[in-house]
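Trainee: Dropping the structure in here first, questions after.
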Amino acid sequence: MSDIQIYADPARSIGYLTRIAFRAFSRALEMRTAPHGVSSGQWRFLRVLWREDGLTQRELSRRVGMREPTTVIALKSLERSGFVTRSKSVEDRRKVHVYLTPQAKALEAELLPAVAEVNRVALEGLTPAEVDVLRKALVQVGRNLAADVREDVPIDSAV
């Protein structure tokens with residue numbers, strides 16, 4: 001059986017299975033973050049900023065793995081929600097830095113356990129060794145595809 005025939009079957013397509021898993025992760029996480037006013041799209045940015053506040057929009061976009069126009073839209077939503085502020089760099093007026101508000105900083109302690117819970121649910125039935133193999137395999141798949149389209153591998157992920 002050729003690769004084309006194998007991957008024509010959605011149940012055997014790594015891309016299809018990854019997409020289904022990603023959508024399930026996103027829905028499970030949003031179910032837990034939405035009561036706090038945070039969408040899954042906003043979560044990606046908050047998570048990166050909790051690790052390093054004050055990044056430029058460009059760097060934030062790179063770390064989340066989104067194109068800059070998408071990042072601008074997400075940041076407007078985060079601003080409207082009262083989670084971030086943006087300010088022009090004093091060194092280079094072309095750069096815009098993104099900062100968490102006290103409200104967003106306070107959410108970290110409430111929402112990080114949600115991602116741990118989603119991962120726990122998702123990984124039920126897998127041994128620690130299987131989780132390690134899965135993690136390494138997904139990182140390599142991401143690197144391979146990023147190289148194929150000549151992009152940086154995002155430092156952060158959705159969940």
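How things are named: the first chain in the structure tokens is A, the next is B, and so on; residues count from 1 in each chain; ligands count from 1 in the order shown.
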Find the residues near stretch 114-118 of chain A: any atom within 12 Å, counting only C-alpha atoms, skip ones fewer than 6 places away on the same chain, and give them as a PyMOL selection string.

Mentor: chain A and resi 21-22+24-36+38+40+43-44+47+107-108+124+157-159

Trainee: Tell me, as an mmCIF file with N, CA, C and O atoms, in the first residue's frame, which residues lie within 10 Å of A:Arg67, counting only C-alpha atoms; anything in the same chain fewer than 6 positions away does not count.

Mentor:
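Below is the file out_9.cif, written as the result:
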data_model
loop_
_atom_site.group_PDB
_atom_site.id
_atom_site.type_symbol
_atom_site.label_atom_id
_atom_site.label_comp_id
_atom_site.auth_asym_id
_atom_site.auth_seq_id
_atom_site.Cartn_x
_atom_site.Cartn_y
_atom_site.Cartn_z
ATOM 1 N N ARG A 58 5.983 41.431 17.563
ATOM 2 C CA ARG A 58 6.626 40.517 16.607
ATOM 3 C C ARG A 58 7.146 39.271 17.319
ATOM 4 O O ARG A 58 6.930 38.141 16.871
ATOM 5 N N LEU A 60 6.231 38.094 20.262
ATOM 6 C CA LEU A 60 5.085 37.369 20.794
ATOM 7 C C LEU A 60 4.440 36.525 19.693
ATOM 8 O O LEU A 60 4.128 35.346 19.890
ATOM 9 N N SER A 61 4.293 37.107 18.532
ATOM 10 C CA SER A 61 3.732 36.407 17.392
ATOM 11 C C SER A 61 4.577 35.180 17.046
ATOM 12 O O SER A 61 4.057 34.084 16.818
#

Trainee: Please return, as a VMD selection string, all residues of stretch 19-106 of chain A that DSSP assigns to strand (DSSP E or B) on the basis of the backbone.

Mentor: chain A and resid 56 84 to 88 96 to 100

Trainee: Using only C-alpha atoms, which protein or nucleic acid residues come within 12 Å of stretch 4-15 of chain A? Drop anything in the same chain fewer than 6 positions from it, and give the result as a PyMOL selection string.

Mentor: chain A and resi 21-22+137-138+141-142+145

Trainee: Which residues in chain A does DSSP call helix (DSSP H, G or I)? List them as a PDB file with C-alpha atoms, in the first residue's frame.

Mentor:
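Final output, part-v3.pdb:
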ATOM      1  CA  ASP A   3       1.716   6.430   1.323  1.00  0.00           C
ATOM      2  CA  ILE A   4      -1.042   8.112  -0.669  1.00  0.00           C
ATOM      3  CA  GLN A   5      -3.422   5.231   0.006  1.00  0.00           C
ATOM      4  CA  ILE A   6      -2.439   5.044   3.674  1.00  0.00           C
ATOM      5  CA  TYR A   7      -2.955   8.756   4.322  1.00  0.00           C
ATOM      6  CA  ALA A   8      -6.182   8.910   2.329  1.00  0.00           C
ATOM      7  CA  PRO A  10      -8.332   9.814   7.983  1.00  0.00           C
ATOM      8  CA  ALA A  11      -7.805   7.255  10.746  1.00  0.00           C
ATOM      9  CA  ARG A  12      -4.235   6.737   9.475  1.00  0.00           C
ATOM     10  CA  ILE A  14      -1.115  11.922  11.217  1.00  0.00           C
ATOM     11  CA  GLY A  15      -2.202  15.391  10.063  1.00  0.00           C
ATOM     12  CA  TYR A  16      -5.881  14.571  10.482  1.00  0.00           C
ATOM     13  CA  LEU A  17      -5.378  12.890  13.867  1.00  0.00           C
ATOM     14  CA  THR A  18      -3.254  15.804  15.091  1.00  0.00           C
ATOM     15  CA  ARG A  19      -5.920  18.286  14.004  1.00  0.00           C
ATOM     16  CA  ILE A  20      -8.661  16.330  15.770  1.00  0.00           C
ATOM     17  CA  ALA A  21      -6.537  16.140  18.937  1.00  0.00           C
ATOM     18  CA  PHE A  22      -5.740  19.871  18.750  1.00  0.00           C
ATOM     19  CA  ARG A  23      -9.418  20.769  18.400  1.00  0.00           C
ATOM     20  CA  ALA A  24     -10.288  18.530  21.347  1.00  0.00           C
ATOM     21  CA  PHE A  25      -7.522  20.125  23.444  1.00  0.00           C
ATOM     22  CA  SER A  26      -8.757  23.596  22.527  1.00  0.00           C
ATOM     23  CA  ARG A  27     -12.377  22.804  23.390  1.00  0.00           C
ATOM     24  CA  ALA A  28     -11.439  21.149  26.689  1.00  0.00           C
ATOM     25  CA  LEU A  29      -9.220  24.054  27.676  1.00  0.00           C
ATOM     26  CA  GLU A  30     -11.717  26.714  26.642  1.00  0.00           C
ATOM     27  CA  MET A  31     -14.399  24.963  28.691  1.00  0.00           C
ATOM     28  CA  ARG A  32     -12.172  25.671  31.709  1.00  0.00           C
ATOM     29  CA  THR A  33     -10.932  29.165  30.769  1.00  0.00           C
ATOM     30  CA  ALA A  34     -14.148  30.667  29.363  1.00  0.00           C
ATOM     31  CA  PRO A  35     -15.718  31.168  32.815  1.00  0.00           C
ATOM     32  CA  HIS A  36     -12.768  33.509  33.480  1.00  0.00           C
ATOM     33  CA  SER A  40      -8.502  29.487  23.715  1.00  0.00           C
ATOM     34  CA  GLY A  41      -7.076  32.036  21.274  1.00  0.00           C
ATOM     35  CA  GLN A  42      -6.347  34.474  24.095  1.00  0.00           C
ATOM     36  CA  TRP A  43      -4.890  31.688  26.237  1.00  0.00           C
ATOM     37  CA  ARG A  44      -1.980  31.173  23.831  1.00  0.00           C
ATOM     38  CA  PHE A  45      -0.831  34.767  24.279  1.00  0.00           C
ATOM     39  CA  LEU A  46      -1.397  34.933  28.025  1.00  0.00           C
ATOM     40  CA  ARG A  47       0.607  31.772  28.537  1.00  0.00           C
ATOM     41  CA  VAL A  48       3.622  33.185  26.717  1.00  0.00           C
ATOM     42  CA  LEU A  49       3.359  36.540  28.499  1.00  0.00           C
ATOM     43  CA  TRP A  50       3.145  34.849  31.903  1.00  0.00           C
ATOM     44  CA  ARG A  51       6.567  33.413  31.138  1.00  0.00           C
ATOM     45  CA  GLN A  57       4.293  42.097  19.172  1.00  0.00           C
ATOM     46  CA  ARG A  58       6.626  40.517  16.607  1.00  0.00           C
ATOM     47  CA  GLU A  59       8.382  38.314  19.185  1.00  0.00           C
ATOM     48  CA  LEU A  60       5.085  37.369  20.794  1.00  0.00           C
ATOM     49  CA  SER A  61       3.732  36.407  17.392  1.00  0.00           C
ATOM     50  CA  ARG A  62       6.796  34.248  16.721  1.00  0.00           C
ATOM     51  CA  ARG A  63       6.619  32.498  20.081  1.00  0.00           C
ATOM     52  CA  VAL A  64       2.942  31.704  19.742  1.00  0.00           C
ATOM     53  CA  GLU A  68       1.506  39.095  12.851  1.00  0.00           C
ATOM     54  CA  PRO A  69      -1.896  40.210  11.484  1.00  0.00           C
ATOM     55  CA  THR A  70      -3.556  37.436  13.508  1.00  0.00           C
ATOM     56  CA  THR A  71      -1.576  38.523  16.565  1.00  0.00           C
ATOM     57  CA  VAL A  72      -2.777  42.115  16.172  1.00  0.00           C
ATOM     58  CA  ILE A  73      -6.399  40.942  16.126  1.00  0.00           C
ATOM     59  CA  ALA A  74      -5.842  38.749  19.186  1.00  0.00           C
ATOM     60  CA  LEU A  75      -4.122  41.582  21.048  1.00  0.00           C
ATOM     61  CA  LYS A  76      -7.035  43.924  20.364  1.00  0.00           C
ATOM     62  CA  SER A  77      -9.320  41.308  21.903  1.00  0.00           C
ATOM     63  CA  LEU A  78      -6.997  40.934  24.897  1.00  0.00           C
ATOM     64  CA  GLU A  79      -6.951  44.727  25.344  1.00  0.00           C
ATOM     65  CA  ARG A  80     -10.755  44.938  25.200  1.00  0.00           C
ATOM     66  CA  PRO A 102      -2.741  43.036  37.031  1.00  0.00           C
ATOM     67  CA  GLN A 103      -6.017  41.286  36.146  1.00  0.00           C
ATOM     68  CA  ALA A 104      -4.245  38.976  33.687  1.00  0.00           C
ATOM     69  CA  LYS A 105      -1.370  38.333  36.078  1.00  0.00           C
ATOM     70  CA  ALA A 106      -3.873  37.252  38.729  1.00  0.00           C
ATOM     71  CA  LEU A 107      -5.456  34.774  36.320  1.00  0.00           C
ATOM     72  CA  GLU A 108      -2.240  32.782  36.004  1.00  0.00           C
ATOM     73  CA  ALA A 109      -2.699  30.989  39.321  1.00  0.00           C
ATOM     74  CA  GLU A 110      -6.283  30.120  38.405  1.00  0.00           C
ATOM     75  CA  LEU A 111      -5.746  29.034  34.811  1.00  0.00           C
ATOM     76  CA  LEU A 112      -2.456  27.129  34.830  1.00  0.00           C
ATOM     77  CA  PRO A 113      -4.050  24.280  36.767  1.00  0.00           C
ATOM     78  CA  ALA A 114      -6.620  24.071  33.950  1.00  0.00           C
ATOM     79  CA  VAL A 115      -3.952  23.220  31.388  1.00  0.00           C
ATOM     80  CA  ALA A 116      -2.512  20.603  33.739  1.00  0.00           C
ATOM     81  CA  GLU A 117      -5.966  19.076  34.069  1.00  0.00           C
ATOM     82  CA  VAL A 118      -6.559  19.047  30.313  1.00  0.00           C
ATOM     83  CA  ASN A 119      -3.215  17.341  29.746  1.00  0.00           C
ATOM     84  CA  ARG A 120      -3.956  14.814  32.498  1.00  0.00           C
ATOM     85  CA  VAL A 121      -7.283  13.961  30.873  1.00  0.00           C
ATOM     86  CA  ALA A 122      -5.739  13.773  27.404  1.00  0.00           C
ATOM     87  CA  PRO A 128       5.142   8.111  31.217  1.00  0.00           C
ATOM     88  CA  ALA A 129       7.417   6.521  28.607  1.00  0.00           C
ATOM     89  CA  GLU A 130       4.675   6.771  25.962  1.00  0.00           C
ATOM     90  CA  VAL A 131       4.069  10.416  26.880  1.00  0.00           C
ATOM     91  CA  ASP A 132       7.796  11.090  26.488  1.00  0.00           C
ATOM     92  CA  VAL A 133       7.840   9.439  23.057  1.00  0.00           C
ATOM     93  CA  LEU A 134       4.717  11.358  22.019  1.00  0.00           C
ATOM     94  CA  ARG A 135       6.226  14.662  23.151  1.00  0.00           C
ATOM     95  CA  LYS A 136       9.500  14.015  21.296  1.00  0.00           C
ATOM     96  CA  ALA A 137       7.660  12.880  18.169  1.00  0.00           C
ATOM     97  CA  LEU A 138       5.422  15.958  18.096  1.00  0.00           C
ATOM     98  CA  VAL A 139       8.407  18.271  18.556  1.00  0.00           C
ATOM     99  CA  GLN A 140      10.171  16.578  15.643  1.00  0.00           C
ATOM    100  CA  VAL A 141       7.066  16.741  13.450  1.00  0.00           C
ATOM    101  CA  GLY A 142       6.826  20.479  14.217  1.00  0.00           C
ATOM    102  CA  ARG A 143      10.492  21.001  13.336  1.00  0.00           C
ATOM    103  CA  ASN A 144      10.157  19.063  10.092  1.00  0.00           C
ATOM    104  CA  LEU A 145       7.124  21.008   8.947  1.00  0.00           C
ATOM    105  CA  ALA A 146       8.550  24.374  10.022  1.00  0.00           C
ATOM    106  CA  ALA A 147      11.693  23.652   8.007  1.00  0.00           C
ATOM    107  CA  ASP A 148       9.560  22.635   5.028  1.00  0.00           C
TER     108      ASP A 148
END

Trainee: As an exercise, work out the distance from atom CA of A:Ser89 to atom CA of A:Gly37 in Å and give it to one decimal place.

Mentor: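 Value for the atom CA of A:Ser89-atom CA of A:Gly37 distance: 28.6 Å.
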
Trainee: For the atom pair atom CA of A:Ser39 and atom CA of A:Gly82, what is the interatomic distance in Å to one decimal place?

Mentor: 13.2 Å

Trainee: Restricting the calculation to only C-alpha atoms, which member of A:Met1, A:Met66, A:Val149, A:Leu55 is positioned closest to A:Val84?

Mentor: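 Ranking A:Met1, A:Met66, A:Val149, A:Leu55 by distance to A:Val84, first place goes to A:Leu55.
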
Trainee: Atom CA of A:Asp53 to atom CA of A:Thr101: how many Å, to one decimal?

Mentor: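 About the pair atom CA of A:Asp53 and atom CA of A:Thr101: they are 9.9 Å apart.
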